[in-house]
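Chemist: What follows is a structure written as structure tokens; I'll ask about it next.
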Amino acid sequence: MHFIVAPRVEVQREPMNIAKLDSASTIARMLDRQLHARVAQALQESPAVALLGPRQVGKTTLALAVAQALSARAGSAGFVYLDLESPADRAKLEQAELYLADHRDKLMVLDEVHRAPGLFPVLRGQIDRARREGRRAGLYLLLGSASVDLLRQAGESLAGRVAHLELAPLTLAEASSVPPDVHWLRGGFPESLLAASEAASLRWRQDFIRTYLEREVLQFAPRAASETLRRLWLMLAHHHGGLLNAAQFARNLGVDGKTVAHYLDLLVDLMLVRRLQPWHANLGKRLVRTPKVYVRDSGVLHALLGIGDKETLLSHPVVGTSWETWVVENLLTLAPPDAEAFFFRSAAGAEIDLLIERASGERWAIEIKRSLQPKLERGFHAACADVRPAQKWVVYPGSERYRLGEDAWAVGLPELAEGLRSLHG
């Protein structure tokens with residue numbers, strides 16, 4: 001199935017005056033999160049929904065907004081919110097089966113649910129009992145900060161009973177009143193993106209990094225050496241967008257390869273780092289089979305590298321790969337659920353920055369150029385001859401869409417992102 005990016009309609013919006021608003025959380029409530037409708041739909045189809053995402057990404061704000069909207073629409077008995085980081089809320093679940101049974105007529109929102117792994121078997125029993133009573137959907141909304149850990153815990157007890165969704169930092173489409181360069185510099189975490197000044201934004205991101213290293217990581221890997229993990233995270237920032245060389249990282253850190261693999265898995269699990277896998281097939285050619293690695297949020301990347309303003313960013317060696325992966329993350333966040341993401345590179349130099357493949361087998365080749373006059377290289381054409389994509393796009397910083405060849409178009413990020421979003425069923 002093809003999609004066609006519709007001609008862009010310019011909407012005049014008053015830019016957000018961040019300094020005049022009370023807090024970033026106030027602004028976050030004004031933003032339309034792409035995932036809102038999908039969370040609401042999943043709750044109408046499944047007894048439990050696990051909403052995953054890094055700390056401070058806006059899971060609680062989104063969950064409460066969805067719960068309030070569903071309660072108002074249905075005229076139901078409302079919902080219950082428990083924060084399992086709170087001793088008072090954890091105490092309510094000392095007799096979890098009784099408490100959950102008392103509130104089975106309400107949607108239960110359980111925040112930081114990975115802190116109570118023993119709760120999952122109880123949830124399974126409550127879900128099965130509710131099914132027998134005829135209530136088959138909209139029972140539990142589970143919020144967690146680490147994907148693999150929560151999926152493992154939930155999967156052991158809630159197989160076939162829970163849907164999983166991931167909330168990423170704010171995309172440019174979700175924060176459309178924020179200038180693109182501000183979004184690129186600060187990243188998509190609401191408190192960083194909507195801070196009153198560049199200095200305040202940078203301080204928030206530096207505190208975010210420190211908190212993850214000193215507290216959050218220890219929840220999921222109690223034996224992790226925070227200093228080694230900090231150095232690995234910093235190395236990944238300097239190696240941003242490059243091919244993974246775990247052996248080199250191990251030598252530089254003075255640890256073995258298994259430790260690097262474990263720590264990298266942890267950063268991926270915490271949704272702070274992405275491994276973009278290479279696309280390969282039996283083409284009779286030598287293809288790169290090593291994944292690319294990069295820091296997922298551009299603001300966190302810049303904080304790791306000490307980049308606090310646009311002028312410093314533009315003169316930094318990371319500027320090109322930072323802009324490229326910022327575009328990639330914006331597109332992947334809005335891609336349809338059945339889409340898988342890859343890059344393509346052959347030993348002969350054929351390359352595609354981002355290859356999106358749907359379950360139907362249809363592929364879209366996306367090249368990313370931080371130039372107002374983008375040109376397609378010979379390597380892109382050679383790669384497309386191997387991959388045979390249905391559509392070819394070149395994302396560039398401009399807003400006008402125009403042809404670069406018979407079947408390739410230059411397009412701005414907002415327009416292509418909107419085209420991907422339109423494919424959601």
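Quick note on naming: the chains in the structure tokens go A, B, ... in the order shown, residues restart at 1 in each chain, and ligands are numbered from 1 in order of appearance.
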Excluding stretch 313-318 of chain A and its own-chain neighbours fewer than 3 positions away, which residues fall within 12 Å of it when counting only C-alpha atoms? Please give them as a PDB file with all heavy atoms, in the first residue's frame.

Modeler:
ATOM      1  N   ASP A 181      14.590  23.969  15.426  1.00  0.00           N
ATOM      2  CA  ASP A 181      15.960  23.989  15.949  1.00  0.00           C
ATOM      3  C   ASP A 181      15.994  23.923  17.468  1.00  0.00           C
ATOM      4  O   ASP A 181      16.943  23.388  18.052  1.00  0.00           O
ATOM      5  CB  ASP A 181      16.694  25.244  15.462  1.00  0.00           C
ATOM      6  CG  ASP A 181      17.164  25.110  14.023  1.00  0.00           C
ATOM      7  OD1 ASP A 181      17.019  24.004  13.458  1.00  0.00           O
ATOM      8  OD2 ASP A 181      17.670  26.104  13.464  1.00  0.00           O
ATOM      9  N   VAL A 182      14.966  24.470  18.129  1.00  0.00           N
ATOM     10  CA  VAL A 182      14.883  24.368  19.589  1.00  0.00           C
ATOM     11  C   VAL A 182      14.610  22.922  19.984  1.00  0.00           C
ATOM     12  O   VAL A 182      15.215  22.382  20.928  1.00  0.00           O
ATOM     13  CB  VAL A 182      13.785  25.299  20.149  1.00  0.00           C
ATOM     14  CG1 VAL A 182      13.580  25.069  21.649  1.00  0.00           C
ATOM     15  CG2 VAL A 182      14.138  26.753  19.888  1.00  0.00           C
ATOM     16  N   TRP A 184      15.364  20.255  18.256  1.00  0.00           N
ATOM     17  CA  TRP A 184      16.593  19.488  17.976  1.00  0.00           C
ATOM     18  C   TRP A 184      17.621  19.694  19.081  1.00  0.00           C
ATOM     19  O   TRP A 184      18.210  18.727  19.584  1.00  0.00           O
ATOM     20  CB  TRP A 184      17.125  19.923  16.616  1.00  0.00           C
ATOM     21  CG  TRP A 184      18.480  19.370  16.244  1.00  0.00           C
ATOM     22  CD1 TRP A 184      18.990  18.145  16.558  1.00  0.00           C
ATOM     23  CD2 TRP A 184      19.481  20.033  15.477  1.00  0.00           C
ATOM     24  NE1 TRP A 184      20.259  18.000  16.039  1.00  0.00           N
ATOM     25  CE2 TRP A 184      20.578  19.147  15.360  1.00  0.00           C
ATOM     26  CE3 TRP A 184      19.545  21.288  14.862  1.00  0.00           C
ATOM     27  CZ2 TRP A 184      21.737  19.493  14.664  1.00  0.00           C
ATOM     28  CZ3 TRP A 184      20.694  21.627  14.160  1.00  0.00           C
ATOM     29  CH2 TRP A 184      21.773  20.735  14.072  1.00  0.00           C
ATOM     30  N   LEU A 185      17.842  20.923  19.491  1.00  0.00           N
ATOM     31  CA  LEU A 185      18.851  21.215  20.514  1.00  0.00           C
ATOM     32  C   LEU A 185      18.474  20.621  21.862  1.00  0.00           C
ATOM     33  O   LEU A 185      19.302  19.990  22.531  1.00  0.00           O
ATOM     34  CB  LEU A 185      19.032  22.726  20.648  1.00  0.00           C
ATOM     35  CG  LEU A 185      19.967  23.183  21.781  1.00  0.00           C
ATOM     36  CD1 LEU A 185      21.400  22.751  21.514  1.00  0.00           C
ATOM     37  CD2 LEU A 185      19.874  24.705  21.953  1.00  0.00           C
ATOM     38  N   ARG A 186      17.233  20.818  22.284  1.00  0.00           N
ATOM     39  CA  ARG A 186      16.817  20.452  23.636  1.00  0.00           C
ATOM     40  C   ARG A 186      16.291  19.030  23.754  1.00  0.00           C
ATOM     41  O   ARG A 186      16.225  18.473  24.854  1.00  0.00           O
ATOM     42  CB  ARG A 186      15.723  21.406  24.126  1.00  0.00           C
ATOM     43  CG  ARG A 186      16.159  22.857  24.248  1.00  0.00           C
ATOM     44  CD  ARG A 186      15.024  23.671  24.853  1.00  0.00           C
ATOM     45  NE  ARG A 186      15.376  25.073  25.053  1.00  0.00           N
ATOM     46  CZ  ARG A 186      14.638  25.929  25.747  1.00  0.00           C
ATOM     47  NH1 ARG A 186      13.501  25.510  26.297  1.00  0.00           N
ATOM     48  NH2 ARG A 186      15.008  27.181  25.885  1.00  0.00           N
ATOM     49  N   LEU A 236      29.307   6.388  23.718  1.00  0.00           N
ATOM     50  CA  LEU A 236      28.257   6.260  22.712  1.00  0.00           C
ATOM     51  C   LEU A 236      27.892   7.616  22.132  1.00  0.00           C
ATOM     52  O   LEU A 236      27.603   7.728  20.936  1.00  0.00           O
ATOM     53  CB  LEU A 236      27.018   5.604  23.328  1.00  0.00           C
ATOM     54  CG  LEU A 236      27.140   4.113  23.670  1.00  0.00           C
ATOM     55  CD1 LEU A 236      25.949   3.653  24.495  1.00  0.00           C
ATOM     56  CD2 LEU A 236      27.259   3.277  22.405  1.00  0.00           C
ATOM     57  N   ALA A 237      27.907   8.649  22.970  1.00  0.00           N
ATOM     58  CA  ALA A 237      27.620   9.999  22.483  1.00  0.00           C
ATOM     59  C   ALA A 237      28.684  10.455  21.487  1.00  0.00           C
ATOM     60  O   ALA A 237      28.375  11.033  20.440  1.00  0.00           O
ATOM     61  CB  ALA A 237      27.526  10.973  23.654  1.00  0.00           C
ATOM     62  N   HIS A 238      29.949  10.196  21.791  1.00  0.00           N
ATOM     63  CA  HIS A 238      31.031  10.574  20.869  1.00  0.00           C
ATOM     64  C   HIS A 238      31.035   9.695  19.614  1.00  0.00           C
ATOM     65  O   HIS A 238      31.504  10.133  18.562  1.00  0.00           O
ATOM     66  CB  HIS A 238      32.381  10.471  21.585  1.00  0.00           C
ATOM     67  CG  HIS A 238      32.660  11.603  22.526  1.00  0.00           C
ATOM     68  ND1 HIS A 238      33.054  12.844  22.095  1.00  0.00           N
ATOM     69  CD2 HIS A 238      32.574  11.684  23.876  1.00  0.00           C
ATOM     70  CE1 HIS A 238      33.222  13.656  23.134  1.00  0.00           C
ATOM     71  NE2 HIS A 238      32.940  12.968  24.224  1.00  0.00           N
ATOM     72  N   HIS A 239      30.517   8.488  19.748  1.00  0.00           N
ATOM     73  CA  HIS A 239      30.454   7.541  18.630  1.00  0.00           C
ATOM     74  C   HIS A 239      29.083   7.575  17.963  1.00  0.00           C
ATOM     75  O   HIS A 239      28.733   6.705  17.185  1.00  0.00           O
ATOM     76  CB  HIS A 239      30.751   6.128  19.170  1.00  0.00           C
ATOM     77  CG  HIS A 239      30.918   5.081  18.116  1.00  0.00           C
ATOM     78  ND1 HIS A 239      31.996   5.023  17.260  1.00  0.00           N
ATOM     79  CD2 HIS A 239      30.128   4.021  17.774  1.00  0.00           C
ATOM     80  CE1 HIS A 239      31.870   3.998  16.443  1.00  0.00           C
ATOM     81  NE2 HIS A 239      30.746   3.366  16.729  1.00  0.00           N
ATOM     82  N   HIS A 240      28.310   8.586  18.262  1.00  0.00           N
ATOM     83  CA  HIS A 240      26.889   8.683  17.912  1.00  0.00           C
ATOM     84  C   HIS A 240      26.654   8.416  16.421  1.00  0.00           C
ATOM     85  O   HIS A 240      27.277   9.021  15.551  1.00  0.00           O
ATOM     86  CB  HIS A 240      26.396  10.087  18.260  1.00  0.00           C
ATOM     87  CG  HIS A 240      24.940  10.301  18.053  1.00  0.00           C
ATOM     88  ND1 HIS A 240      23.985   9.824  18.907  1.00  0.00           N
ATOM     89  CD2 HIS A 240      24.252  10.948  17.073  1.00  0.00           C
ATOM     90  CE1 HIS A 240      22.792  10.170  18.484  1.00  0.00           C
ATOM     91  NE2 HIS A 240      22.918  10.840  17.369  1.00  0.00           N
ATOM     92  N   GLY A 241      25.743   7.467  16.150  1.00  0.00           N
ATOM     93  CA  GLY A 241      25.391   7.155  14.774  1.00  0.00           C
ATOM     94  C   GLY A 241      26.367   6.245  14.062  1.00  0.00           C
ATOM     95  O   GLY A 241      26.186   5.956  12.876  1.00  0.00           O
ATOM     96  N   GLY A 242      27.396   5.774  14.761  1.00  0.00           N
ATOM     97  CA  GLY A 242      28.390   4.904  14.137  1.00  0.00           C
ATOM     98  C   GLY A 242      28.049   3.436  14.316  1.00  0.00           C
ATOM     99  O   GLY A 242      27.124   3.057  15.039  1.00  0.00           O
ATOM    100  N   TYR A 294      23.014   4.788  18.695  1.00  0.00           N
ATOM    101  CA  TYR A 294      22.970   6.223  18.956  1.00  0.00           C
ATOM    102  C   TYR A 294      22.087   6.528  20.153  1.00  0.00           C
ATOM    103  O   TYR A 294      21.224   5.724  20.534  1.00  0.00           O
ATOM    104  CB  TYR A 294      22.497   7.001  17.726  1.00  0.00           C
ATOM    105  CG  TYR A 294      21.134   6.654  17.198  1.00  0.00           C
ATOM    106  CD1 TYR A 294      19.987   7.265  17.694  1.00  0.00           C
ATOM    107  CD2 TYR A 294      20.985   5.727  16.165  1.00  0.00           C
ATOM    108  CE1 TYR A 294      18.737   6.967  17.191  1.00  0.00           C
ATOM    109  CE2 TYR A 294      19.728   5.427  15.653  1.00  0.00           C
ATOM    110  CZ  TYR A 294      18.611   6.049  16.170  1.00  0.00           C
ATOM    111  OH  TYR A 294      17.368   5.747  15.675  1.00  0.00           O
ATOM    112  N   VAL A 295      22.322   7.679  20.767  1.00  0.00           N
ATOM    113  CA  VAL A 295      21.503   8.169  21.868  1.00  0.00           C
ATOM    114  C   VAL A 295      20.182   8.655  21.280  1.00  0.00           C
ATOM    115  O   VAL A 295      20.169   9.485  20.376  1.00  0.00           O
ATOM    116  CB  VAL A 295      22.224   9.308  22.618  1.00  0.00           C
ATOM    117  CG1 VAL A 295      21.363   9.837  23.760  1.00  0.00           C
ATOM    118  CG2 VAL A 295      23.573   8.825  23.148  1.00  0.00           C
ATOM    119  N   SER A 298      17.940  13.699  21.243  1.00  0.00           N
ATOM    120  CA  SER A 298      19.003  14.623  20.838  1.00  0.00           C
ATOM    121  C   SER A 298      19.420  15.539  21.987  1.00  0.00           C
ATOM    122  O   SER A 298      20.598  15.891  22.109  1.00  0.00           O
ATOM    123  CB  SER A 298      18.548  15.455  19.638  1.00  0.00           C
ATOM    124  OG  SER A 298      17.372  16.198  19.938  1.00  0.00           O
ATOM    125  N   GLY A 299      18.478  15.924  22.847  1.00  0.00           N
ATOM    126  CA  GLY A 299      18.823  16.783  23.974  1.00  0.00           C
ATOM    127  C   GLY A 299      19.739  16.092  24.960  1.00  0.00           C
ATOM    128  O   GLY A 299      20.691  16.700  25.485  1.00  0.00           O
ATOM    129  N   LEU A 301      21.787  13.641  24.194  1.00  0.00           N
ATOM    130  CA  LEU A 301      23.069  13.567  23.486  1.00  0.00           C
ATOM    131  C   LEU A 301      23.862  14.849  23.679  1.00  0.00           C
ATOM    132  O   LEU A 301      25.053  14.813  24.030  1.00  0.00           O
ATOM    133  CB  LEU A 301      22.819  13.334  21.998  1.00  0.00           C
ATOM    134  CG  LEU A 301      24.025  13.538  21.072  1.00  0.00           C
ATOM    135  CD1 LEU A 301      25.066  12.462  21.294  1.00  0.00           C
ATOM    136  CD2 LEU A 301      23.585  13.580  19.610  1.00  0.00           C
ATOM    137  N   HIS A 302      23.214  15.986  23.461  1.00  0.00           N
ATOM    138  CA  HIS A 302      23.926  17.262  23.558  1.00  0.00           C
ATOM    139  C   HIS A 302      24.377  17.538  24.993  1.00  0.00           C
ATOM    140  O   HIS A 302      25.464  18.101  25.203  1.00  0.00           O
ATOM    141  CB  HIS A 302      23.027  18.386  23.041  1.00  0.00           C
ATOM    142  CG  HIS A 302      22.623  18.199  21.611  1.00  0.00           C
ATOM    143  ND1 HIS A 302      21.458  18.702  21.073  1.00  0.00           N
ATOM    144  CD2 HIS A 302      23.237  17.525  20.590  1.00  0.00           C
ATOM    145  CE1 HIS A 302      21.367  18.366  19.806  1.00  0.00           C
ATOM    146  NE2 HIS A 302      22.433  17.652  19.485  1.00  0.00           N
ATOM    147  N   ALA A 303      23.581  17.140  25.972  1.00  0.00           N
ATOM    148  CA  ALA A 303      24.000  17.329  27.363  1.00  0.00           C
ATOM    149  C   ALA A 303      25.211  16.461  27.698  1.00  0.00           C
ATOM    150  O   ALA A 303      26.122  16.902  28.407  1.00  0.00           O
ATOM    151  CB  ALA A 303      22.836  17.006  28.300  1.00  0.00           C
ATOM    152  N   LEU A 304      25.241  15.224  27.211  1.00  0.00           N
ATOM    153  CA  LEU A 304      26.400  14.358  27.437  1.00  0.00           C
ATOM    154  C   LEU A 304      27.671  14.978  26.861  1.00  0.00           C
ATOM    155  O   LEU A 304      28.761  14.821  27.422  1.00  0.00           O
ATOM    156  CB  LEU A 304      26.166  12.992  26.801  1.00  0.00           C
ATOM    157  CG  LEU A 304      25.185  12.058  27.523  1.00  0.00           C
ATOM    158  CD1 LEU A 304      24.777  10.903  26.618  1.00  0.00           C
ATOM    159  CD2 LEU A 304      25.815  11.516  28.808  1.00  0.00           C
ATOM    160  N   LEU A 305      27.528  15.693  25.743  1.00  0.00           N
ATOM    161  CA  LEU A 305      28.681  16.293  25.074  1.00  0.00           C
ATOM    162  C   LEU A 305      28.944  17.729  25.525  1.00  0.00           C
ATOM    163  O   LEU A 305      29.848  18.373  25.001  1.00  0.00           O
ATOM    164  CB  LEU A 305      28.471  16.257  23.555  1.00  0.00           C
ATOM    165  CG  LEU A 305      28.363  14.857  22.936  1.00  0.00           C
ATOM    166  CD1 LEU A 305      28.012  14.948  21.452  1.00  0.00           C
ATOM    167  CD2 LEU A 305      29.664  14.087  23.123  1.00  0.00           C
ATOM    168  N   GLY A 306      28.150  18.248  26.470  1.00  0.00           N
ATOM    169  CA  GLY A 306      28.344  19.601  26.971  1.00  0.00           C
ATOM    170  C   GLY A 306      27.921  20.679  25.990  1.00  0.00           C
ATOM    171  O   GLY A 306      28.436  21.805  26.049  1.00  0.00           O
ATOM    172  N   ILE A 307      26.989  20.368  25.104  1.00  0.00           N
ATOM    173  CA  ILE A 307      26.512  21.339  24.106  1.00  0.00           C
ATOM    174  C   ILE A 307      25.255  22.010  24.653  1.00  0.00           C
ATOM    175  O   ILE A 307      24.224  21.367  24.829  1.00  0.00           O
ATOM    176  CB  ILE A 307      26.201  20.637  22.768  1.00  0.00           C
ATOM    177  CG1 ILE A 307      27.466  19.971  22.211  1.00  0.00           C
ATOM    178  CG2 ILE A 307      25.614  21.621  21.765  1.00  0.00           C
ATOM    179  CD1 ILE A 307      27.208  19.075  21.007  1.00  0.00           C
ATOM    180  N   GLY A 308      25.344  23.307  24.918  1.00  0.00           N
ATOM    181  CA  GLY A 308      24.237  23.995  25.552  1.00  0.00           C
ATOM    182  C   GLY A 308      23.502  24.996  24.695  1.00  0.00           C
ATOM    183  O   GLY A 308      22.464  25.511  25.101  1.00  0.00           O
ATOM    184  N   ASP A 309      24.012  25.301  23.494  1.00  0.00           N
ATOM    185  CA  ASP A 309      23.347  26.281  22.647  1.00  0.00           C
ATOM    186  C   ASP A 309      23.562  25.922  21.178  1.00  0.00           C
ATOM    187  O   ASP A 309      24.407  25.089  20.839  1.00  0.00           O
ATOM    188  CB  ASP A 309      23.852  27.703  22.928  1.00  0.00           C
ATOM    189  CG  ASP A 309      25.366  27.817  22.760  1.00  0.00           C
ATOM    190  OD1 ASP A 309      25.852  27.707  21.612  1.00  0.00           O
ATOM    191  OD2 ASP A 309      26.075  28.014  23.771  1.00  0.00           O
ATOM    192  N   LYS A 310      22.799  26.560  20.319  1.00  0.00           N
ATOM    193  CA  LYS A 310      22.818  26.210  18.905  1.00  0.00           C
ATOM    194  C   LYS A 310      24.162  26.524  18.262  1.00  0.00           C
ATOM    195  O   LYS A 310      24.647  25.745  17.419  1.00  0.00           O
ATOM    196  CB  LYS A 310      21.697  26.956  18.177  1.00  0.00           C
ATOM    197  CG  LYS A 310      21.589  26.603  16.704  1.00  0.00           C
ATOM    198  CD  LYS A 310      20.462  27.355  16.022  1.00  0.00           C
ATOM    199  CE  LYS A 310      20.424  27.080  14.531  1.00  0.00           C
ATOM    200  NZ  LYS A 310      19.346  27.851  13.851  1.00  0.00           N
ATOM    201  N   THR A 321      25.446  13.865  12.397  1.00  0.00           N
ATOM    202  CA  THR A 321      24.795  12.650  12.880  1.00  0.00           C
ATOM    203  C   THR A 321      23.708  12.974  13.899  1.00  0.00           C
ATOM    204  O   THR A 321      22.711  12.246  14.007  1.00  0.00           O
ATOM    205  CB  THR A 321      25.815  11.679  13.494  1.00  0.00           C
ATOM    206  OG1 THR A 321      26.609  12.379  14.476  1.00  0.00           O
ATOM    207  CG2 THR A 321      26.711  11.091  12.429  1.00  0.00           C
ATOM    208  N   SER A 322      23.874  14.050  14.651  1.00  0.00           N
ATOM    209  CA  SER A 322      22.833  14.462  15.593  1.00  0.00           C
ATOM    210  C   SER A 322      21.555  14.811  14.841  1.00  0.00           C
ATOM    211  O   SER A 322      20.460  14.365  15.219  1.00  0.00           O
ATOM    212  CB  SER A 322      23.300  15.665  16.420  1.00  0.00           C
ATOM    213  OG  SER A 322      22.232  16.214  17.167  1.00  0.00           O
ATOM    214  N   TRP A 323      21.673  15.604  13.766  1.00  0.00           N
ATOM    215  CA  TRP A 323      20.478  15.991  13.010  1.00  0.00           C
ATOM    216  C   TRP A 323      19.856  14.770  12.333  1.00  0.00           C
ATOM    217  O   TRP A 323      18.634  14.620  12.321  1.00  0.00           O
ATOM    218  CB  TRP A 323      20.838  17.048  11.965  1.00  0.00           C
ATOM    219  CG  TRP A 323      19.650  17.802  11.458  1.00  0.00           C
ATOM    220  CD1 TRP A 323      19.022  18.859  12.055  1.00  0.00           C
ATOM    221  CD2 TRP A 323      18.918  17.538  10.251  1.00  0.00           C
ATOM    222  NE1 TRP A 323      17.950  19.260  11.288  1.00  0.00           N
ATOM    223  CE2 TRP A 323      17.856  18.479  10.180  1.00  0.00           C
ATOM    224  CE3 TRP A 323      19.049  16.609   9.232  1.00  0.00           C
ATOM    225  CZ2 TRP A 323      16.954  18.516   9.128  1.00  0.00           C
ATOM    226  CZ3 TRP A 323      18.143  16.629   8.176  1.00  0.00           C
ATOM    227  CH2 TRP A 323      17.111  17.575   8.120  1.00  0.00           C
ATOM    228  N   GLU A 324      20.692  13.887  11.818  1.00  0.00           N
ATOM    229  CA  GLU A 324      20.186  12.690  11.140  1.00  0.00           C
ATOM    230  C   GLU A 324      19.382  11.819  12.097  1.00  0.00           C
ATOM    231  O   GLU A 324      18.258  11.386  11.773  1.00  0.00           O
ATOM    232  CB  GLU A 324      21.348  11.886  10.556  1.00  0.00           C
ATOM    233  CG  GLU A 324      20.928  10.580   9.900  1.00  0.00           C
ATOM    234  CD  GLU A 324      22.105   9.770   9.385  1.00  0.00           C
ATOM    235  OE1 GLU A 324      23.054  10.380   8.838  1.00  0.00           O
ATOM    236  OE2 GLU A 324      22.070   8.533   9.536  1.00  0.00           O
ATOM    237  N   THR A 325      19.919  11.539  13.283  1.00  0.00           N
ATOM    238  CA  THR A 325      19.220  10.653  14.202  1.00  0.00           C
ATOM    239  C   THR A 325      18.025  11.351  14.860  1.00  0.00           C
ATOM    240  O   THR A 325      17.061  10.680  15.247  1.00  0.00           O
ATOM    241  CB  THR A 325      20.178  10.112  15.278  1.00  0.00           C
ATOM    242  OG1 THR A 325      20.896  11.203  15.884  1.00  0.00           O
ATOM    243  CG2 THR A 325      21.186   9.157  14.664  1.00  0.00           C
ATOM    244  N   TRP A 326      18.053  12.673  14.971  1.00  0.00           N
ATOM    245  CA  TRP A 326      16.872  13.423  15.419  1.00  0.00           C
ATOM    246  C   TRP A 326      15.723  13.209  14.432  1.00  0.00           C
ATOM    247  O   TRP A 326      14.578  12.968  14.829  1.00  0.00           O
ATOM    248  CB  TRP A 326      17.224  14.895  15.556  1.00  0.00           C
ATOM    249  CG  TRP A 326      16.071  15.808  15.847  1.00  0.00           C
ATOM    250  CD1 TRP A 326      15.359  15.901  17.005  1.00  0.00           C
ATOM    251  CD2 TRP A 326      15.500  16.780  14.947  1.00  0.00           C
ATOM    252  NE1 TRP A 326      14.381  16.863  16.893  1.00  0.00           N
ATOM    253  CE2 TRP A 326      14.441  17.420  15.641  1.00  0.00           C
ATOM    254  CE3 TRP A 326      15.781  17.177  13.645  1.00  0.00           C
ATOM    255  CZ2 TRP A 326      13.668  18.432  15.072  1.00  0.00           C
ATOM    256  CZ3 TRP A 326      15.007  18.177  13.073  1.00  0.00           C
ATOM    257  CH2 TRP A 326      13.972  18.795  13.775  1.00  0.00           C
ATOM    258  N   ARG A 370      21.160  17.370   5.747  1.00  0.00           N
ATOM    259  CA  ARG A 370      21.025  18.661   6.408  1.00  0.00           C
ATOM    260  C   ARG A 370      21.574  19.744   5.475  1.00  0.00           C
ATOM    261  O   ARG A 370      22.586  20.383   5.727  1.00  0.00           O
ATOM    262  CB  ARG A 370      21.758  18.663   7.746  1.00  0.00           C
ATOM    263  CG  ARG A 370      21.407  19.855   8.617  1.00  0.00           C
ATOM    264  CD  ARG A 370      22.070  19.859   9.970  1.00  0.00           C
ATOM    265  NE  ARG A 370      21.943  21.183  10.532  1.00  0.00           N
ATOM    266  CZ  ARG A 370      22.791  22.183  10.328  1.00  0.00           C
ATOM    267  NH1 ARG A 370      23.871  21.971   9.573  1.00  0.00           N
ATOM    268  NH2 ARG A 370      22.594  23.374  10.860  1.00  0.00           N
TER     269      ARG A 370
END

Chemist: Which stretch 263-333 of chain A residues have any atom within 9 Å of an atom of stretch 342-357 of chain A, and for each, what is the nearest pair of atoms with distance in Å to one decimal, counting only C-alpha atoms, rows sorted by chain and number, as CSV?

Modeler:
residue,atom,partner,partner_atom,distance
A:Leu276,CA,A:Phe342,CA,5.8
A:Gln277,CA,A:Phe342,CA,5.1
A:Pro278,CA,A:Phe343,CA,4.9
A:Trp279,CA,A:Phe344,CA,5.4
A:His280,CA,A:Phe344,CA,7.4
A:Lys285,CA,A:Ser346,CA,7.3
A:Arg286,CA,A:Ala347,CA,5.6
A:Leu287,CA,A:Ser346,CA,4.2
A:Val288,CA,A:Arg345,CA,5.5
A:Arg289,CA,A:Arg345,CA,8.5
A:Pro291,CA,A:Phe343,CA,8.5
A:Lys292,CA,A:Phe343,CA,8.2
A:Glu324,CA,A:Asp353,CA,8.3
A:Val328,CA,A:Leu354,CA,7.2
A:Leu332,CA,A:Ile356,CA,8.7

Chemist: If you run DSSP on the backbone, which residues of stretch 171-270 of chain A are alpha helix (DSSP H), as a PyMOL selection string?

Modeler: chain A and resi 180-186+190-193+198-211+217-220+226-238+246-253+257-269

Chemist: Here is a test: counting only C-alpha atoms, which residue of A:Leu139, A:Leu232, A:Cys384, A:Ala96 is nearest to A:Glu45?

Modeler: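 Smallest distance to A:Glu45 is found for A:Leu139.
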
Chemist: A:Leu158: which residues within 12 Å, counting only C-alpha atoms, same-chain residues fewer than 5 positions away excluded, as a list in words?

Modeler: Ser46, Pro47, Ala48, Val49, Ala50, Pro117, Leu119, Phe120, Pro121, Val122, Leu123, Arg124, Gly125, Gln126, Ile127, Asp128, Tyr140, Leu142, Leu150, Leu151, Arg152, Gln153, Ala163 and His164 of chain A

Chemist: Just to be explicit: take each residue in the selection above, keep C-alpha atoms, and write the result as a CSV table (one decimal), in the first residue's frame.

Modeler:
chain,number,residue,atom,x,y,z
A,46,SER,CA,-7.6,-5.4,26.0
A,47,PRO,CA,-8.0,-6.0,29.8
A,48,ALA,CA,-4.5,-4.5,30.5
A,49,VAL,CA,-2.3,-2.1,28.7
A,50,ALA,CA,1.4,-1.5,29.5
A,117,PRO,CA,6.7,-7.7,40.4
A,119,LEU,CA,1.6,-8.0,41.7
A,120,PHE,CA,1.4,-9.6,38.2
A,121,PRO,CA,0.0,-13.0,39.3
A,122,VAL,CA,-2.7,-11.1,41.3
A,123,LEU,CA,-3.6,-9.0,38.2
A,124,ARG,CA,-3.9,-12.2,36.2
A,125,GLY,CA,-6.4,-13.6,38.7
A,126,GLN,CA,-8.4,-10.4,38.7
A,127,ILE,CA,-8.5,-10.2,34.9
A,128,ASP,CA,-9.7,-13.8,34.6
A,140,TYR,CA,-5.5,-1.9,34.1
A,142,LEU,CA,0.4,-0.2,33.8
A,150,LEU,CA,8.5,-5.1,32.5
A,151,LEU,CA,7.7,-7.2,29.4
A,152,ARG,CA,9.4,-10.2,31.0
A,153,GLN,CA,7.5,-9.8,34.3
A,163,ALA,CA,-1.1,-4.9,25.1
A,164,HIS,CA,2.2,-3.0,25.0

Chemist: As an exercise, work out the distance from atom CA of A:Gly412 to atom CA of A:Asp386 in Å and give it to one decimal place.

Modeler: 25.7 Å

Chemist: Would you mind listing what lies within 12 Å of A:Trp204 as a list in words, with only C-alpha atoms counted and same-chain residues fewer than 2 positions away left out?

Modeler: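 Neighbouring residues, sequence-local ones excluded: Ala24, Gln56, Arg186, Gly187, Phe189, Pro190, Glu191, Ser192, Leu193, Leu194, Ala195, Ala196, Ser197, Glu198, Ala199, Ala200, Ser201, Leu202, Gln206, Asp207, Phe208, Ile209, Arg210, Thr211, Gly299, Val300, Ala303 and Gly308 of chain A.
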
Chemist: Quick one: everything within 12 Å of A:Ala339, counting only C-alpha atoms, minus sequence neighbours fewer than 3 positions away in the same chain. Send it as a PyMOL selection string.

Modeler: chain A and resi 331-336+342+354-364+420-421+423-424
